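**Student:** I'm passing along target_5.cif; it holds mmCIF, C-alpha atoms.
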```cif
data_final
loop_
_atom_site.label_atom_id
_atom_site.label_comp_id
_atom_site.auth_asym_id
_atom_site.auth_seq_id
_atom_site.Cartn_x
_atom_site.Cartn_y
_atom_site.Cartn_z
CA MET A 1 0.00 0.00 0.00
CA LYS A 2 2.90 2.31 0.85
CA ASN A 3 4.41 1.75 -2.61
CA MET A 4 1.05 2.48 -4.19
CA ASN A 5 0.79 5.82 -2.33
CA ASN A 6 4.31 6.75 -3.37
CA MET A 7 3.52 5.99 -7.02
CA THR A 8 0.31 8.03 -6.84
CA ARG A 9 2.20 10.96 -5.32
CA PHE A 10 4.89 10.62 -8.00
CA TYR A 11 2.39 10.75 -10.87
CA ARG A 12 0.62 13.75 -9.34
CA GLN A 13 3.92 15.60 -9.15
CA ILE A 14 4.65 14.74 -12.79
CA ALA A 15 1.21 15.98 -13.85
CA ALA A 16 1.61 19.22 -11.89
CA ALA A 17 5.04 19.84 -13.39
CA ALA A 18 3.70 19.23 -16.88
CA LEU A 19 0.85 21.69 -16.29
CA ILE A 20 3.27 24.38 -15.10
CA CYS A 21 5.45 23.84 -18.18
CA CYS A 22 2.46 24.19 -20.47
CA LEU A 23 1.39 27.43 -18.81
CA LEU A 24 4.90 28.86 -19.02
CA ALA A 25 5.18 27.89 -22.67
CA ALA A 26 1.85 29.54 -23.46
CA LEU A 27 2.92 32.78 -21.81
CA MET A 28 6.14 32.80 -23.82
CA LEU A 29 4.44 32.43 -27.20
CA PRO A 30 4.79 35.57 -29.38
CA GLY A 31 1.70 37.71 -29.33
CA CYS A 32 0.17 35.90 -26.35
CA LYS A 33 -1.22 38.06 -23.56
CA GLU A 34 -2.41 37.23 -20.11
CA GLU A 35 -6.18 36.98 -19.96
CA GLY A 36 -7.59 40.13 -18.42
CA ARG A 37 -4.29 42.03 -18.57
CA GLU A 38 -4.74 45.78 -18.79
CA ALA A 39 -3.51 47.45 -21.96
CA VAL A 40 -0.39 49.62 -21.96
CA LEU A 41 -1.53 53.22 -22.35
CA PRO A 42 0.48 56.24 -23.55
CA PRO A 43 1.78 58.44 -20.72
CA ILE A 44 -0.07 61.44 -22.17
CA ARG A 45 -2.87 61.98 -24.67
CA MET A 46 -2.24 65.67 -25.29
CA SER A 47 0.74 67.84 -24.43
CA ASP A 48 0.35 71.15 -22.61
CA HIS A 49 1.59 73.11 -25.62
CA PRO A 50 0.71 71.13 -28.76
CA ALA A 51 2.40 71.93 -32.05
CA ASN A 52 0.46 73.83 -34.68
CA GLY A 53 2.55 72.74 -37.66
CA SER A 54 0.96 70.98 -40.62
CA ILE A 55 1.83 67.29 -40.92
CA GLY A 56 -0.38 66.42 -43.85
CA GLY A 57 1.13 66.67 -47.31
CA PRO A 58 -0.71 67.31 -50.60
CA LEU A 59 -3.31 64.58 -51.06
CA GLY A 60 -5.51 65.48 -54.01
CA SER A 61 -8.74 63.60 -53.24
CA LEU A 62 -9.33 60.88 -50.68
CA LYS A 63 -9.56 58.32 -53.48
CA GLU A 64 -6.26 59.47 -54.93
CA ALA A 65 -4.67 59.28 -51.49
CA ALA A 66 -6.06 55.76 -51.03
CA GLU A 67 -4.70 54.63 -54.40
CA ALA A 68 -1.26 56.00 -53.48
CA SER A 69 -1.30 54.12 -50.16
CA ASP A 70 -0.05 50.58 -49.60
CA ALA A 71 -3.21 49.63 -47.75
CA VAL A 72 -6.51 50.97 -46.44
CA ALA A 73 -7.89 49.28 -43.35
CA CYS A 74 -9.93 49.46 -40.19
CA VAL A 75 -7.79 49.00 -37.09
CA ARG A 76 -8.27 48.70 -33.35
CA ILE A 77 -5.51 50.21 -31.20
CA GLY A 78 -3.85 48.00 -28.59
CA ASP A 79 -0.74 48.60 -26.49
CA TRP A 80 1.34 51.76 -26.60
CA LEU A 81 4.80 50.59 -27.65
CA GLY A 82 6.74 53.79 -26.99
CA ASP A 83 8.24 56.66 -28.93
CA HIS A 84 10.10 55.74 -32.10
CA GLU A 85 13.80 56.50 -32.31
CA ASP A 86 13.06 59.23 -34.85
CA LYS A 87 11.62 61.23 -31.91
CA VAL A 88 8.67 62.46 -33.97
CA THR A 89 6.34 59.46 -33.98
CA THR A 90 4.73 57.15 -31.44
CA MET A 91 4.22 53.43 -31.98
CA PHE A 92 1.15 51.38 -31.17
CA GLU A 93 0.18 47.78 -31.60
CA ALA A 94 -2.91 47.65 -33.80
CA GLU A 95 -5.24 44.83 -34.75
CA VAL A 96 -6.42 44.89 -38.35
CA THR A 97 -10.17 44.31 -38.18
CA ARG A 98 -11.01 44.92 -41.86
CA ILE A 99 -8.89 45.24 -44.97
CA VAL A 100 -10.35 47.59 -47.56
CA LYS A 101 -7.36 47.60 -49.92
CA GLY A 102 -3.99 45.89 -50.04
CA GLU A 103 -2.57 43.12 -47.86
CA LEU A 104 -1.81 43.31 -44.15
CA PRO A 105 -0.97 40.93 -41.30
CA GLU A 106 -3.46 40.47 -38.48
CA ARG A 107 -1.45 42.86 -36.29
CA ILE A 108 0.72 45.78 -37.27
CA VAL A 109 2.88 48.42 -35.61
CA LEU A 110 1.19 51.74 -36.30
CA HIS A 111 3.16 54.99 -36.23
CA GLN A 112 1.31 58.16 -35.25
CA ASP A 113 2.73 61.66 -35.58
CA GLY A 114 3.49 63.08 -32.13
CA THR A 115 5.21 61.59 -29.09
CA SER A 116 4.82 61.18 -25.35
CA GLU A 117 6.46 64.61 -25.00
CA TYR A 118 4.48 66.62 -27.54
CA THR A 119 1.39 66.23 -29.71
CA TYR A 120 -0.26 68.17 -32.49
CA THR A 121 -3.23 70.47 -31.98
CA ASN A 122 -6.52 68.56 -31.75
CA TYR A 123 -4.69 65.32 -32.60
CA PRO A 124 -4.35 63.42 -29.32
CA LEU A 125 -2.29 60.27 -29.13
CA PHE A 126 -4.28 57.13 -29.75
CA THR A 127 -5.17 54.83 -26.89
CA ALA A 128 -6.25 51.22 -26.48
CA GLY A 129 -9.69 50.53 -27.92
CA ASN A 130 -9.72 53.33 -30.50
CA GLU A 131 -11.18 52.09 -33.79
CA MET A 132 -10.34 53.90 -36.99
CA LEU A 133 -10.31 53.70 -40.75
CA VAL A 134 -6.83 54.71 -41.91
CA LEU A 135 -4.71 54.98 -45.06
CA LEU A 136 -1.38 53.22 -44.55
CA LYS A 137 2.08 53.37 -46.02
CA LYS A 138 4.76 50.88 -45.10
CA THR A 139 7.66 52.41 -43.20
CA ARG A 140 10.96 52.47 -45.05
CA PRO A 141 14.46 52.25 -43.56
CA HIS A 142 15.94 55.69 -42.97
CA PRO A 143 19.75 55.87 -42.94
CA GLY A 144 19.66 58.84 -40.59
CA TYR A 145 17.98 56.66 -37.97
CA GLY A 146 20.22 53.62 -38.38
CA GLY A 147 18.29 52.22 -41.33
CA LYS A 148 15.95 50.33 -39.01
CA THR A 149 12.33 49.45 -39.64
CA SER A 150 9.95 46.59 -39.00
CA ASP A 151 8.29 44.34 -41.56
CA ASP A 152 4.91 45.01 -39.97
CA ALA A 153 5.32 48.76 -39.35
CA TYR A 154 3.11 51.33 -41.10
CA TYR A 155 2.49 55.06 -40.85
CA ILE A 156 -0.69 56.96 -41.72
CA SER A 157 -0.39 58.63 -45.11
CA GLY A 158 -1.98 62.04 -44.81
CA ALA A 159 -1.73 61.98 -41.00
CA PHE A 160 -4.86 63.33 -39.31
CA LEU A 161 -6.39 64.28 -42.67
CA THR A 162 -7.01 60.61 -43.47
CA VAL A 163 -7.93 59.31 -40.01
CA PHE A 164 -11.61 58.43 -39.60
CA ASP A 165 -12.92 57.51 -36.16
CA ILE A 166 -15.33 54.58 -36.30
CA VAL A 167 -18.50 54.79 -34.23
CA THR A 168 -20.92 51.85 -34.03
CA LEU A 169 -24.40 52.61 -32.71
CA ASP A 170 -26.81 50.25 -30.96
CA SER A 171 -28.51 49.72 -34.31
CA GLY A 172 -25.34 47.99 -35.50
CA GLU A 173 -24.64 50.64 -38.13
CA SER A 174 -21.06 51.93 -38.20
CA TYR A 175 -20.05 55.44 -39.20
CA ALA A 176 -16.72 57.02 -40.14
CA ILE A 177 -16.00 60.56 -38.91
CA PRO A 178 -12.88 62.37 -40.18
CA ARG A 179 -10.57 63.81 -37.52
CA ARG A 180 -10.20 66.94 -39.65
CA ALA A 181 -13.03 67.61 -42.09
CA LEU A 182 -11.98 68.96 -45.48
CA ASP A 183 -14.00 70.41 -48.36
CA ASP A 184 -16.70 68.27 -49.96
CA GLU A 185 -14.56 67.83 -53.09
CA PHE A 186 -12.03 65.80 -51.10
CA TYR A 187 -14.51 63.01 -50.37
CA PRO A 188 -16.11 60.59 -52.87
CA GLU A 189 -19.24 62.24 -54.24
CA GLU A 190 -21.15 58.93 -54.28
CA VAL A 191 -20.82 58.56 -50.49
CA ASP A 192 -23.64 60.29 -48.63
CA ASN A 193 -22.89 62.72 -45.83
CA PHE A 194 -25.31 62.11 -42.94
CA ALA A 195 -24.29 65.17 -40.93
CA TYR A 196 -27.58 66.85 -41.94
CA ASP A 197 -29.38 64.36 -39.66
CA LEU A 198 -29.15 66.17 -36.35
CA ARG A 199 -30.44 63.23 -34.30
CA LEU A 200 -27.85 60.91 -35.84
CA THR A 201 -25.11 63.50 -35.32
CA GLU A 202 -26.01 63.74 -31.64
CA LYS A 203 -25.94 59.95 -31.23
CA VAL A 204 -22.60 59.67 -33.02
CA SER A 205 -21.12 62.47 -30.93
CA GLU A 206 -22.31 60.92 -27.66
CA GLU A 207 -21.00 57.48 -28.59
CA LEU A 208 -17.62 58.86 -29.60
CA VAL A 209 -17.26 60.61 -26.23
CA ARG A 210 -18.46 57.50 -24.40
CA SER A 211 -15.85 55.37 -26.14
CA ASP A 212 -13.03 57.87 -25.55
CA GLY A 213 -13.47 60.67 -23.03
CA ILE A 214 -10.68 62.72 -24.62
CA TRP A 215 -13.29 64.16 -27.00
CA GLU A 216 -14.98 65.94 -24.12
CA ARG A 217 -11.90 68.19 -24.05
CA ILE A 218 -11.56 68.76 -27.78
CA ASP A 219 -13.95 70.76 -29.93
CA ARG A 220 -14.15 68.72 -33.11
CA SER A 221 -16.28 69.02 -36.21
CA PHE A 222 -19.12 66.67 -37.13
CA ASP A 223 -19.66 68.27 -40.53
CA ARG A 224 -18.89 64.95 -42.23
CA ILE A 225 -20.45 61.65 -41.13
CA PHE A 226 -20.19 58.76 -43.56
CA SER A 227 -21.48 55.20 -43.54
CA LEU A 228 -18.39 53.09 -42.92
CA ASP A 229 -19.52 50.44 -45.41
CA GLU A 230 -20.25 53.00 -48.14
CA LEU A 231 -16.94 54.79 -47.65
CA ALA A 232 -14.95 51.56 -47.55
CA GLU A 233 -16.63 50.26 -50.70
CA SER A 234 -15.94 53.52 -52.52
CA LEU A 235 -12.25 53.46 -51.60
CA LYS A 236 -12.05 49.81 -52.58
CA ARG A 237 -13.42 50.53 -56.05
CA GLY A 238 -11.11 53.49 -56.55
CA SER A 239 -11.45 56.05 -59.33
#
```
Go through the file and emit its structure as C-alpha cells.
**Tutor:**
Amino acid sequence: MKNMNNMTRFYRQIAAAALICCLLAALMLPGCKEEGREAVLPPIRMSDHPANGSIGGPLGSLKEAAEASDAVACVRIGDWLGDHEDKVTTMFEAEVTRIVKGELPERIVLHQDGTSEYTYTNYPLFTAGNEMLVLLKKTRPHPGYGGKTSDDAYYISGAFLTVFDIVTLDSGESYAIPRRALDDEFYPEEVDNFAYDLRLTEKVSEELVRSDGIWERIDRSFDRIFSLDELAESLKRGS
C-alpha cells in the first residue's frame, strides 16, 4: 500500500510539473497576452503646448490618397509601444479588423505623428480601444535613424487628414467621422454625408465621447459623417 501511495504521489507531481510547463510555454508564445491584462496606455494623450505645424502633405482627393497608399484598413488600437527612435512618432500595436485595400498581417505596428512629449493640436495620441479607418504606407528604412524598420510597421499617409474615427451605434450601423473635415470635393461624391441628420449627429457624438473621453476636451467638427460600409466600398473601387 505504501508503494502504491508513493507511485500516486509521484504521478501527481509529474502531472503538476507538466501543467506548469504548459502554462509557461503559453505565456512565452509571441503575441500571447495574459487573460484580463490591462492594456499599456500612452503616458499622455495631449501635451500642454501642442504643435500647430501641418503634418499632412498634398493629397488630391481621398480616393487618390487611397490609391497611393499601400493599404486601407480598419484598425483597433492596442498597447502603446513607446516613442520611435526618430523622436517624432509614437508606436502602437494595432489589430487589423477589416482590410479595404492591399494586404496586411493580423497585427501591425502603427506609427502616429506626435510623441509622449508633444502632440499636435486637436490630434491626441491614440489609446487602447480606438477604432479607426486609416490609409497606410509601409515604413521604409531611414539611414539617418540607423536604417531600421519593421516588416509590420506602417504610418498613416496624410496623417490626421485621413484618419476616420469609427462609431458603431446600438442599431449595428457603423459610421466614419474624419478627424479633420476637409471640403466636400475631397470626399467621394457617391458617399452620402449624414451630418444633416441632427439626431444621428447627436448619437454619433455621444457614442464617440463615451468610447473615448478625450473628446470631451476637444472641440471637433461633425460636418462629415459617412457610412463606414459605403466609404470603404468607394475606396475599394477606386477612381
**Student:** Ranking A:Glu93, A:Asp229, A:Glu67, A:Glu117 by minimum distance to A:Gly172 and counting only C-alpha atoms, which one comes first?
**Tutor:**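 Under the stated criterion, the closest residue is A:Asp229.
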**Student:** Expanded to explicit residues, what is the PyMOL selection byres ((chain A and resi 48) around 9) for this file, as number ranges by chain?
**Tutor:** A: 46-47, 49-50, 118-119
**Student:** On this structure, the PyMOL selection byres ((chain A and resi 51) around 6) would catch which residues? List them as number ranges by chain, sorted by chain and number.
**Tutor:** A: 50, 52-53, 120-121
**Student:** Anything within 9 Å of (-13.1, 65.8, -31.6): list those residues as a PyMOL selection string, counting all atoms listed in the file and sticking to the file's coordinates.
**Tutor:** chain A and resi 122-123+179-180+205+208-209+214-222
**Student:** Of the residues A:Leu161, A:Ala65, A:Leu198, A:Val75, which is the one nearest to A:Leu104, using only C-alpha atoms?
**Tutor:**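 With only C-alpha atoms as the atom set, the closest residue is A:Val75.
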**Student:** Record the distance separating atom CA of A:Ala71 and atom CA of A:Gln112, expressed in Å with one decimal.
**Tutor:**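 So the answer is 15.8 Å.
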**Student:** Between atom CA of A:Phe226 and atom CA of A:Ser61, what is the spacing in Å?
**Tutor:**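 So the answer is 15.8 Å.
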**Student:** Run the PyMOL selection byres ((chain A and resi 107) around 12) against the file shown and list the residues it catches, as a PDB file with C-alpha atoms, in the coordinates of the input.
**Tutor:**
```pdb
ATOM      1  CA  PRO A  30       4.790  35.570 -29.380  1.00  0.00           C
ATOM      2  CA  GLY A  31       1.700  37.710 -29.330  1.00  0.00           C
ATOM      3  CA  ALA A  73      -7.890  49.280 -43.350  1.00  0.00           C
ATOM      4  CA  CYS A  74      -9.930  49.460 -40.190  1.00  0.00           C
ATOM      5  CA  VAL A  75      -7.790  49.000 -37.090  1.00  0.00           C
ATOM      6  CA  ARG A  76      -8.270  48.700 -33.350  1.00  0.00           C
ATOM      7  CA  ILE A  77      -5.510  50.210 -31.200  1.00  0.00           C
ATOM      8  CA  GLY A  78      -3.850  48.000 -28.590  1.00  0.00           C
ATOM      9  CA  ASP A  79      -0.740  48.600 -26.490  1.00  0.00           C
ATOM     10  CA  PHE A  92       1.150  51.380 -31.170  1.00  0.00           C
ATOM     11  CA  GLU A  93       0.180  47.780 -31.600  1.00  0.00           C
ATOM     12  CA  ALA A  94      -2.910  47.650 -33.800  1.00  0.00           C
ATOM     13  CA  GLU A  95      -5.240  44.830 -34.750  1.00  0.00           C
ATOM     14  CA  VAL A  96      -6.420  44.890 -38.350  1.00  0.00           C
ATOM     15  CA  THR A  97     -10.170  44.310 -38.180  1.00  0.00           C
ATOM     16  CA  ARG A  98     -11.010  44.920 -41.860  1.00  0.00           C
ATOM     17  CA  ILE A  99      -8.890  45.240 -44.970  1.00  0.00           C
ATOM     18  CA  GLU A 103      -2.570  43.120 -47.860  1.00  0.00           C
ATOM     19  CA  LEU A 104      -1.810  43.310 -44.150  1.00  0.00           C
ATOM     20  CA  PRO A 105      -0.970  40.930 -41.300  1.00  0.00           C
ATOM     21  CA  GLU A 106      -3.460  40.470 -38.480  1.00  0.00           C
ATOM     22  CA  ILE A 108       0.720  45.780 -37.270  1.00  0.00           C
ATOM     23  CA  VAL A 109       2.880  48.420 -35.610  1.00  0.00           C
ATOM     24  CA  LEU A 110       1.190  51.740 -36.300  1.00  0.00           C
ATOM     25  CA  ASP A 151       8.290  44.340 -41.560  1.00  0.00           C
ATOM     26  CA  ASP A 152       4.910  45.010 -39.970  1.00  0.00           C
ATOM     27  CA  ALA A 153       5.320  48.760 -39.350  1.00  0.00           C
ATOM     28  CA  TYR A 154       3.110  51.330 -41.100  1.00  0.00           C
TER      29      TYR A 154
END
```
**Student:** Can you pull out the residues contacting stretch 162-166 of chain A? Cut-off 7 Å, using all atoms listed in the file, and skip same-chain residues under 3 positions away; I want them as a list in words.
**Tutor:**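 The filter keeps Glu131, Met132, Leu133, Val134, Leu135, Gly158, Ala159, Ser174, Tyr175, Ala176, Ile177, Pro178 and Arg179 of chain A.
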